[in-house]
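K.L.:
For reference, the structure I am asking about is given below.
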There are 2 protein chains.
Amino acid sequence: MAASLPKRTTGCIRFDMNTPLRTLYHFAFDPHSRLVRLALGEKKLAFEEAPVKYWEPTDEFLRLNVSGLLPVLVESYDHGRNITLCENRAILEHLDESAAEVRLWPTDPQERGEARRLVGWFERKFDYEVNALLLHEKMEKRLMGMGAPNLSALRAGRDALRDHLLYFESLLEARNWLSGRHMSYADFALASHLSVIDYVDEMNWDRYKHLKTWYMVVKSRPAFRPLLADTLPGVAPSAHYRELDF
Amino acid sequence: MAASLPKRTTGCIRFDMNTPLRTLYHFAFDPHSRLVRLALGEKKLAFEEAPVKYWEPTDEFLRLNVSGLLPVLVESYDHGRNITLCENRAILEHLDESAAEVRLWPTDPQERGEARRLVGWFERKFDYEVNALLLHEKMEKRLMGMGAPNLSALRAGRDALRDHLLYFESLLEARNWLSGRHMSYADFALASHLSVIDYVDEMNWDRYKHLKTWYMVVKSRPAFRPLLADTLPGVAPSAHYRELDF
């Protein structure tokens with residue numbers, strides 16, 4: 001069966017032509033999951049959602065991704081073959097290789113490298129310097145039943161967030177999009193992270209003029225709509241979370 | 001000038017045909033830097049070395065990569081254009097796109113995704129669960145003049161290392177190479193990390209039969225030789241660090 005399917009090639013990688021059924025294992029307020037939802041939305045690729053409570057992963061989920069990290073994208077092809085892609089390094093590259101009608105890595109090699117650097121920033125820096133403090137205290141502790149936020153951790157997270165925001169503001173002052181002249185995965189990585197922080201009302205947009213203008217543009221894209229409808233049980237979104245003009 | 005150079009294309013990305021002068025900003029015992037040295041060696045790409053003491057980064061280095069993370073690869077082309085690639089997510093993808101004679105991502109999409117998952121493992125898990133304890137205590141503290149290792153941190157690092165090694169052993173029991181049927185960046189990521197741990201004499205190879213056999217194969221590749229000649233001031237390598245048959 002598989003051998004008789006039509007193939008197309010991108011460089012020397014071969015993909016089956018038929019459209020797979022896609023299932024995204026994700027958590028609505030995990031920023032890394034949001035990045036992939038935005039990428040799928042921008043590429044107009046339909047997908048089923050399989051919500052995962054990453055703080056209490058099931059054995060089924062750990063069999064898919066032993067690290068327990070989100071998100072995981074499973075593509076099921078007609079002939080019974082699955083492709084399982086764990087975490088966004090694998091997912092984003094695969095989507096640009098296999099669903100290349102809308103490309104979200106820039107074509108210029110320098111801008112492409114810059115976009116990859118910025119996507120990595122959120123995994124290697126932002127996650128540890130901001131999310132591990134601010135989101136852990138304001139969101140994760142509630143999800144995990146760990147009690148009230150620790151105020152000094154919260155303060156340290158806010159300080160770190162301010163430094164990161166000033167950096168992004170400086171980039172967006174000089175560029176149309178985060179990685180340069182073209183919209184890329186880097187924009188969706190930043191928007192994903194800020195959108196969760198915005199939900200828990202920790203974004204002071206008025207201090208960051210260029211960032212605010214950029215966010216209004218990204219937020220108004222159709223791919224963003226599902227994220228604005230997400231609800232975290234027990235936590236109301238900030239007053240402006242759903243507003244396109246804020 | 002630039003417009004008159006011959007071009008070749010990979011998908012829709014355009015690269016100049018002339019060979020750039022490459023400079024790698026790295027630290028000899030940073031595992032992420034070692035991964036890129038191995039990748040460049042496997043692809044037979046010459047490069048100049050610019051050593052960086054990442055624990056006391058210079059302003060010049062921070063201008064190249066504001067995160068302060070290693071490694072950074074700068075490609076200088078004849079017509080004066082530079083491409084600066086920060087950290088291995090950007091570097092490894094760029095090298096497979098632009099120097100595609102030797103490909104280090106597998107061509108099969110599932111195995112390709114698996115290789116990317118495993119390369120990410122070292123950044124999102126191994127670095128925090130093992131290196132931040134074991135290498136920090138045994139190597140970094142000495143480099144930074146921070147005194148003797150903390151024994152309980154060292155013990156926690158060794159425990160975490162054992163869990164990771166058992167996982168890699170289970171993969172290599174079932175596969176020829178770490179990500180499947182083909183040698184890939186994932187093999188060089190694992191070998192880079194284990195080689196540094198081996199230098200500081202924390203690898204008990206005899207407990208991991210499949211891992212040991214695999215490491216003997218990877219270690220004997222010509223690209224590995226420069227790593228075996230590295231010396232960390234004040235720390236002698238383990239007795240078997242340089243032996244191909246250990």
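Scheme for the structure tokens: letters A, B, ... for chains in order shown; per-chain residue numbers from 1; ligand numbers from 1 in order shown.
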Take chain A, superimpose it onto chain B by least squares using every C-alpha atom paired in sequence order, and output the result as an mmCIF file with C-alpha atoms, in the first residue's frame.

P.N.:
data_model
loop_
_atom_site.group_PDB
_atom_site.id
_atom_site.type_symbol
_atom_site.label_atom_id
_atom_site.label_comp_id
_atom_site.auth_asym_id
_atom_site.auth_seq_id
_atom_site.Cartn_x
_atom_site.Cartn_y
_atom_site.Cartn_z
ATOM 1 C CA MET A 1 28.847 42.144 -6.178
ATOM 2 C CA ALA A 2 26.535 39.899 -4.200
ATOM 3 C CA ALA A 3 23.956 39.736 -6.948
ATOM 4 C CA SER A 4 26.473 38.371 -9.476
ATOM 5 C CA LEU A 5 27.532 35.362 -7.381
ATOM 6 C CA PRO A 6 26.315 31.960 -8.483
ATOM 7 C CA LYS A 7 23.499 30.632 -6.298
ATOM 8 C CA ARG A 8 22.152 27.216 -5.513
ATOM 9 C CA THR A 9 18.850 26.489 -3.871
ATOM 10 C CA THR A 10 17.576 23.976 -1.312
ATOM 11 C CA GLY A 11 13.805 24.194 -1.371
ATOM 12 C CA CYS A 12 13.296 27.933 -1.519
ATOM 13 C CA ILE A 13 16.333 28.894 0.561
ATOM 14 C CA ARG A 14 19.155 30.483 -1.396
ATOM 15 C CA PHE A 15 22.796 30.082 -0.499
ATOM 16 C CA ASP A 16 25.880 31.658 -1.971
ATOM 17 C CA MET A 17 28.094 29.076 -3.646
ATOM 18 C CA ASN A 18 31.394 30.377 -2.352
ATOM 19 C CA THR A 19 32.761 28.745 0.768
ATOM 20 C CA PRO A 20 32.576 30.988 3.801
ATOM 21 C CA LEU A 21 35.287 31.429 6.377
ATOM 22 C CA ARG A 22 33.806 29.930 9.528
ATOM 23 C CA THR A 23 34.576 30.978 13.094
ATOM 24 C CA LEU A 24 33.212 28.999 16.028
ATOM 25 C CA TYR A 25 32.907 30.765 19.367
ATOM 26 C CA HIS A 26 32.976 27.928 21.852
ATOM 27 C CA PHE A 27 34.331 26.493 25.077
ATOM 28 C CA ALA A 28 36.147 23.163 24.753
ATOM 29 C CA PHE A 29 34.247 21.512 27.630
ATOM 30 C CA ASP A 30 30.813 22.949 26.919
ATOM 31 C CA PRO A 31 28.845 19.946 25.577
ATOM 32 C CA HIS A 32 26.727 22.104 23.256
ATOM 33 C CA SER A 33 29.909 23.507 21.716
ATOM 34 C CA ARG A 34 31.292 19.995 21.318
ATOM 35 C CA LEU A 35 28.191 18.949 19.402
ATOM 36 C CA VAL A 36 28.830 21.667 16.818
ATOM 37 C CA ARG A 37 32.546 20.827 16.586
ATOM 38 C CA LEU A 38 31.576 17.223 15.845
ATOM 39 C CA ALA A 39 28.983 18.328 13.278
ATOM 40 C CA LEU A 40 31.518 20.543 11.490
ATOM 41 C CA GLY A 41 34.064 17.720 11.602
ATOM 42 C CA GLU A 42 31.622 15.156 10.183
ATOM 43 C CA LYS A 43 30.732 17.552 7.389
ATOM 44 C CA LYS A 44 34.451 18.214 6.780
ATOM 45 C CA LEU A 45 33.986 21.963 7.156
ATOM 46 C CA ALA A 46 37.073 23.844 8.293
ATOM 47 C CA PHE A 47 36.679 26.481 10.996
ATOM 48 C CA GLU A 48 38.689 28.861 13.123
ATOM 49 C CA GLU A 49 38.257 28.588 16.858
ATOM 50 C CA ALA A 50 37.457 31.522 19.127
ATOM 51 C CA PRO A 51 37.496 30.237 22.706
ATOM 52 C CA VAL A 52 34.957 31.828 25.062
ATOM 53 C CA LYS A 53 34.940 31.640 28.841
ATOM 54 C CA TYR A 54 31.152 31.590 29.053
ATOM 55 C CA TRP A 55 31.168 32.223 32.806
ATOM 56 C CA GLU A 56 32.806 35.617 32.222
ATOM 57 C CA PRO A 57 31.626 36.612 28.719
ATOM 58 C CA THR A 58 33.237 39.611 27.076
ATOM 59 C CA ASP A 59 31.191 42.505 25.703
ATOM 60 C CA GLU A 60 32.309 41.437 22.227
ATOM 61 C CA PHE A 61 30.790 38.001 22.750
ATOM 62 C CA LEU A 62 27.569 39.391 24.231
ATOM 63 C CA ARG A 63 27.192 41.573 21.150
ATOM 64 C CA LEU A 64 27.275 38.383 19.078
ATOM 65 C CA ASN A 65 24.832 36.527 21.322
ATOM 66 C CA VAL A 66 23.005 38.552 23.949
ATOM 67 C CA SER A 67 21.911 35.385 25.801
ATOM 68 C CA GLY A 68 25.569 34.612 26.535
ATOM 69 C CA LEU A 69 24.967 30.982 25.546
ATOM 70 C CA LEU A 70 27.371 28.911 23.458
ATOM 71 C CA PRO A 71 28.211 28.099 20.746
ATOM 72 C CA VAL A 72 28.025 30.799 18.065
ATOM 73 C CA LEU A 73 29.062 30.150 14.471
ATOM 74 C CA VAL A 74 29.917 33.096 12.217
ATOM 75 C CA GLU A 75 30.171 32.510 8.471
ATOM 76 C CA SER A 76 31.976 35.254 6.521
ATOM 77 C CA TYR A 77 31.378 35.333 2.782
ATOM 78 C CA ASP A 78 33.649 36.926 0.148
ATOM 79 C CA HIS A 79 31.333 39.789 -0.518
ATOM 80 C CA GLY A 80 31.470 40.964 3.078
ATOM 81 C CA ARG A 81 28.227 39.468 4.280
ATOM 82 C CA ASN A 82 28.260 37.581 7.580
ATOM 83 C CA ILE A 83 25.794 35.007 8.793
ATOM 84 C CA THR A 84 25.749 34.748 12.586
ATOM 85 C CA LEU A 85 24.150 31.635 14.025
ATOM 86 C CA CYS A 86 23.558 31.508 17.755
ATOM 87 C CA GLU A 87 23.267 28.203 19.613
ATOM 88 C CA ASN A 88 22.825 24.780 18.201
ATOM 89 C CA ARG A 89 19.162 24.929 17.177
ATOM 90 C CA ALA A 90 20.093 27.542 14.563
ATOM 91 C CA ILE A 91 23.536 26.133 13.757
ATOM 92 C CA LEU A 92 22.620 22.477 13.185
ATOM 93 C CA GLU A 93 19.627 23.274 10.971
ATOM 94 C CA HIS A 94 21.669 25.791 8.958
ATOM 95 C CA LEU A 95 24.516 23.323 8.434
ATOM 96 C CA ASP A 96 22.166 20.634 7.154
ATOM 97 C CA GLU A 97 20.482 23.154 4.857
ATOM 98 C CA SER A 98 23.647 24.774 3.501
ATOM 99 C CA ALA A 99 26.264 22.009 3.721
ATOM 100 C CA ALA A 100 24.043 19.155 2.634
ATOM 101 C CA GLU A 101 26.684 16.831 1.128
ATOM 102 C CA VAL A 102 26.777 15.079 4.508
ATOM 103 C CA ARG A 103 23.307 15.192 6.076
ATOM 104 C CA LEU A 104 23.018 14.663 9.796
ATOM 105 C CA TRP A 105 19.242 14.782 10.095
ATOM 106 C CA PRO A 106 17.790 11.482 8.855
ATOM 107 C CA THR A 107 15.702 11.709 5.677
ATOM 108 C CA ASP A 108 12.763 9.670 7.003
ATOM 109 C CA PRO A 109 10.337 12.143 8.645
ATOM 110 C CA GLN A 110 9.708 9.988 11.739
ATOM 111 C CA GLU A 111 13.398 9.324 12.348
ATOM 112 C CA ARG A 112 14.133 12.986 11.648
ATOM 113 C CA GLY A 113 11.589 14.047 14.285
ATOM 114 C CA GLU A 114 13.072 11.514 16.680
ATOM 115 C CA ALA A 115 16.574 12.921 16.157
ATOM 116 C CA ARG A 116 15.314 16.455 16.819
ATOM 117 C CA ARG A 117 13.489 15.311 19.946
ATOM 118 C CA LEU A 118 16.716 13.778 21.262
ATOM 119 C CA VAL A 119 18.862 16.827 20.471
ATOM 120 C CA GLY A 120 16.284 18.902 22.383
ATOM 121 C CA TRP A 121 16.466 16.451 25.305
ATOM 122 C CA PHE A 122 19.935 17.705 26.166
ATOM 123 C CA GLU A 123 18.841 21.336 26.271
ATOM 124 C CA ARG A 124 15.576 20.908 28.129
ATOM 125 C CA LYS A 125 16.338 17.971 30.429
ATOM 126 C CA PHE A 126 19.921 16.753 30.605
ATOM 127 C CA ASP A 127 21.345 20.257 31.067
ATOM 128 C CA TYR A 128 19.139 20.941 34.059
ATOM 129 C CA GLU A 129 18.929 17.492 35.592
ATOM 130 C CA VAL A 130 22.539 16.362 35.155
ATOM 131 C CA ASN A 131 24.946 19.082 33.989
ATOM 132 C CA ALA A 132 23.649 21.755 36.378
ATOM 133 C CA LEU A 133 24.564 19.423 39.249
ATOM 134 C CA LEU A 134 27.346 17.099 38.176
ATOM 135 C CA LEU A 135 29.335 19.318 35.798
ATOM 136 C CA HIS A 136 28.645 22.394 37.857
ATOM 137 C CA GLU A 137 30.115 20.771 40.953
ATOM 138 C CA LYS A 138 33.004 18.964 39.296
ATOM 139 C CA MET A 139 34.051 21.433 36.597
ATOM 140 C CA GLU A 140 32.307 24.787 36.664
ATOM 141 C CA LYS A 141 33.036 25.558 40.322
ATOM 142 C CA ARG A 142 36.726 25.081 39.631
ATOM 143 C CA LEU A 143 36.602 27.277 36.521
ATOM 144 C CA MET A 144 34.756 29.958 38.430
ATOM 145 C CA GLY A 145 36.856 29.699 41.590
ATOM 146 C CA MET A 146 33.830 28.683 43.671
ATOM 147 C CA GLY A 147 35.580 26.160 45.880
ATOM 148 C CA ALA A 148 34.980 22.476 46.565
ATOM 149 C CA PRO A 149 32.037 20.457 45.217
ATOM 150 C CA ASN A 150 28.931 20.165 47.346
ATOM 151 C CA LEU A 151 28.634 16.457 47.996
ATOM 152 C CA SER A 152 24.862 16.231 48.128
ATOM 153 C CA ALA A 153 24.510 18.116 44.819
ATOM 154 C CA LEU A 154 27.120 15.780 43.344
ATOM 155 C CA ARG A 155 25.174 12.759 44.563
ATOM 156 C CA ALA A 156 21.912 14.103 43.125
ATOM 157 C CA GLY A 157 23.674 14.686 39.790
ATOM 158 C CA ARG A 158 25.016 11.125 39.767
ATOM 159 C CA ASP A 159 21.548 9.722 40.504
ATOM 160 C CA ALA A 160 20.045 11.759 37.666
ATOM 161 C CA LEU A 161 22.845 10.706 35.309
ATOM 162 C CA ARG A 162 22.140 7.037 36.039
ATOM 163 C CA ASP A 163 18.482 7.445 35.069
ATOM 164 C CA HIS A 164 19.432 9.161 31.819
ATOM 165 C CA LEU A 165 22.040 6.511 30.995
ATOM 166 C CA LEU A 166 19.553 3.704 31.569
ATOM 167 C CA TYR A 167 17.198 5.430 29.162
ATOM 168 C CA PHE A 168 19.878 5.813 26.452
ATOM 169 C CA GLU A 169 20.939 2.203 27.046
ATOM 170 C CA SER A 170 17.351 1.062 26.415
ATOM 171 C CA LEU A 171 17.244 3.026 23.154
ATOM 172 C CA LEU A 172 20.584 1.685 21.955
ATOM 173 C CA GLU A 173 19.598 -1.868 22.803
ATOM 174 C CA ALA A 174 16.868 -1.599 20.154
ATOM 175 C CA ARG A 175 18.541 0.655 17.585
ATOM 176 C CA ASN A 176 21.771 0.922 15.621
ATOM 177 C CA TRP A 177 22.061 4.626 16.315
ATOM 178 C CA LEU A 178 20.429 6.816 18.934
ATOM 179 C CA SER A 179 17.590 8.069 16.743
ATOM 180 C CA GLY A 180 17.143 4.884 14.700
ATOM 181 C CA ARG A 181 18.716 3.359 11.626
ATOM 182 C CA HIS A 182 21.027 6.230 10.722
ATOM 183 C CA MET A 183 23.763 8.158 12.437
ATOM 184 C CA SER A 184 22.461 11.657 13.185
ATOM 185 C CA TYR A 185 23.011 14.826 15.167
ATOM 186 C CA ALA A 186 21.363 12.958 18.072
ATOM 187 C CA ASP A 187 24.390 10.650 18.318
ATOM 188 C CA PHE A 188 26.746 13.604 18.428
ATOM 189 C CA ALA A 189 24.604 15.348 21.034
ATOM 190 C CA LEU A 190 24.758 12.316 23.332
ATOM 191 C CA ALA A 191 28.465 11.721 22.666
ATOM 192 C CA SER A 192 29.280 15.382 23.374
ATOM 193 C CA HIS A 193 27.583 15.314 26.727
ATOM 194 C CA LEU A 194 28.980 11.954 27.787
ATOM 195 C CA SER A 195 32.495 12.884 26.671
ATOM 196 C CA VAL A 196 32.638 15.789 29.135
ATOM 197 C CA ILE A 197 31.266 13.611 31.931
ATOM 198 C CA ASP A 198 33.827 10.982 30.954
ATOM 199 C CA TYR A 199 36.662 13.533 31.185
ATOM 200 C CA VAL A 200 35.766 14.280 34.807
ATOM 201 C CA ASP A 201 35.643 10.511 35.428
ATOM 202 C CA GLU A 202 31.936 10.127 36.177
ATOM 203 C CA MET A 203 31.144 7.491 33.519
ATOM 204 C CA ASN A 204 30.921 3.899 34.631
ATOM 205 C CA TRP A 205 30.874 2.441 31.110
ATOM 206 C CA ASP A 206 30.847 -1.193 32.145
ATOM 207 C CA ARG A 207 27.311 -0.887 33.497
ATOM 208 C CA TYR A 208 25.975 0.088 30.057
ATOM 209 C CA LYS A 209 26.949 -2.489 27.469
ATOM 210 C CA HIS A 210 25.104 -1.094 24.449
ATOM 211 C CA LEU A 211 26.019 2.479 25.266
ATOM 212 C CA LYS A 212 29.685 1.514 25.596
ATOM 213 C CA THR A 213 29.751 -0.265 22.243
ATOM 214 C CA TRP A 214 28.025 2.686 20.591
ATOM 215 C CA TYR A 215 30.450 5.167 22.215
ATOM 216 C CA MET A 216 33.480 3.215 20.991
ATOM 217 C CA VAL A 217 32.162 3.571 17.440
ATOM 218 C CA VAL A 218 31.394 7.299 17.726
ATOM 219 C CA LYS A 219 34.653 8.022 19.565
ATOM 220 C CA SER A 220 36.726 6.435 16.822
ATOM 221 C CA ARG A 221 35.406 8.782 14.138
ATOM 222 C CA PRO A 222 38.009 11.272 12.872
ATOM 223 C CA ALA A 223 35.756 14.184 13.859
ATOM 224 C CA PHE A 224 36.135 13.101 17.490
ATOM 225 C CA ARG A 225 39.936 13.367 17.624
ATOM 226 C CA PRO A 226 40.180 17.084 18.456
ATOM 227 C CA LEU A 227 37.905 16.576 21.479
ATOM 228 C CA LEU A 228 40.139 13.841 22.841
ATOM 229 C CA ALA A 229 43.101 16.252 22.746
ATOM 230 C CA ASP A 230 41.311 18.936 24.811
ATOM 231 C CA THR A 231 42.767 19.715 28.203
ATOM 232 C CA LEU A 232 41.037 21.393 31.120
ATOM 233 C CA PRO A 233 43.628 23.320 33.173
ATOM 234 C CA GLY A 234 44.069 21.778 36.589
ATOM 235 C CA VAL A 235 41.913 18.711 35.835
ATOM 236 C CA ALA A 236 43.529 15.604 34.398
ATOM 237 C CA PRO A 237 41.258 13.489 32.189
ATOM 238 C CA SER A 238 40.065 10.096 33.376
ATOM 239 C CA ALA A 239 42.497 7.262 32.616
ATOM 240 C CA HIS A 240 40.432 6.044 29.647
ATOM 241 C CA TYR A 241 39.292 9.420 28.289
ATOM 242 C CA ARG A 242 41.613 9.283 25.277
ATOM 243 C CA GLU A 243 41.508 5.504 24.722
ATOM 244 C CA LEU A 244 39.476 4.228 21.780
ATOM 245 C CA ASP A 245 39.388 0.772 23.365
ATOM 246 C CA PHE A 246 38.424 1.226 27.013
#

K.L.:
Got a sec to tell me which of region 40-193 of chain A DSSP assigns to helix (DSSP H, G or I), as a VMD selection string?

P.N.:
chain A and resid 40 to 42 59 to 64 87 to 98 109 to 131 134 to 143 151 to 174 185 to 193

K.L.:
With DSSP run on the backbone, what are the strand (DSSP E or B) residues within region 2-246 of chain B? I'd like them as a PyMOL selection string.

P.N.:
chain B and resi 7-10+13-16+21-26+48-51+72-76+82-86+177+180+232+235
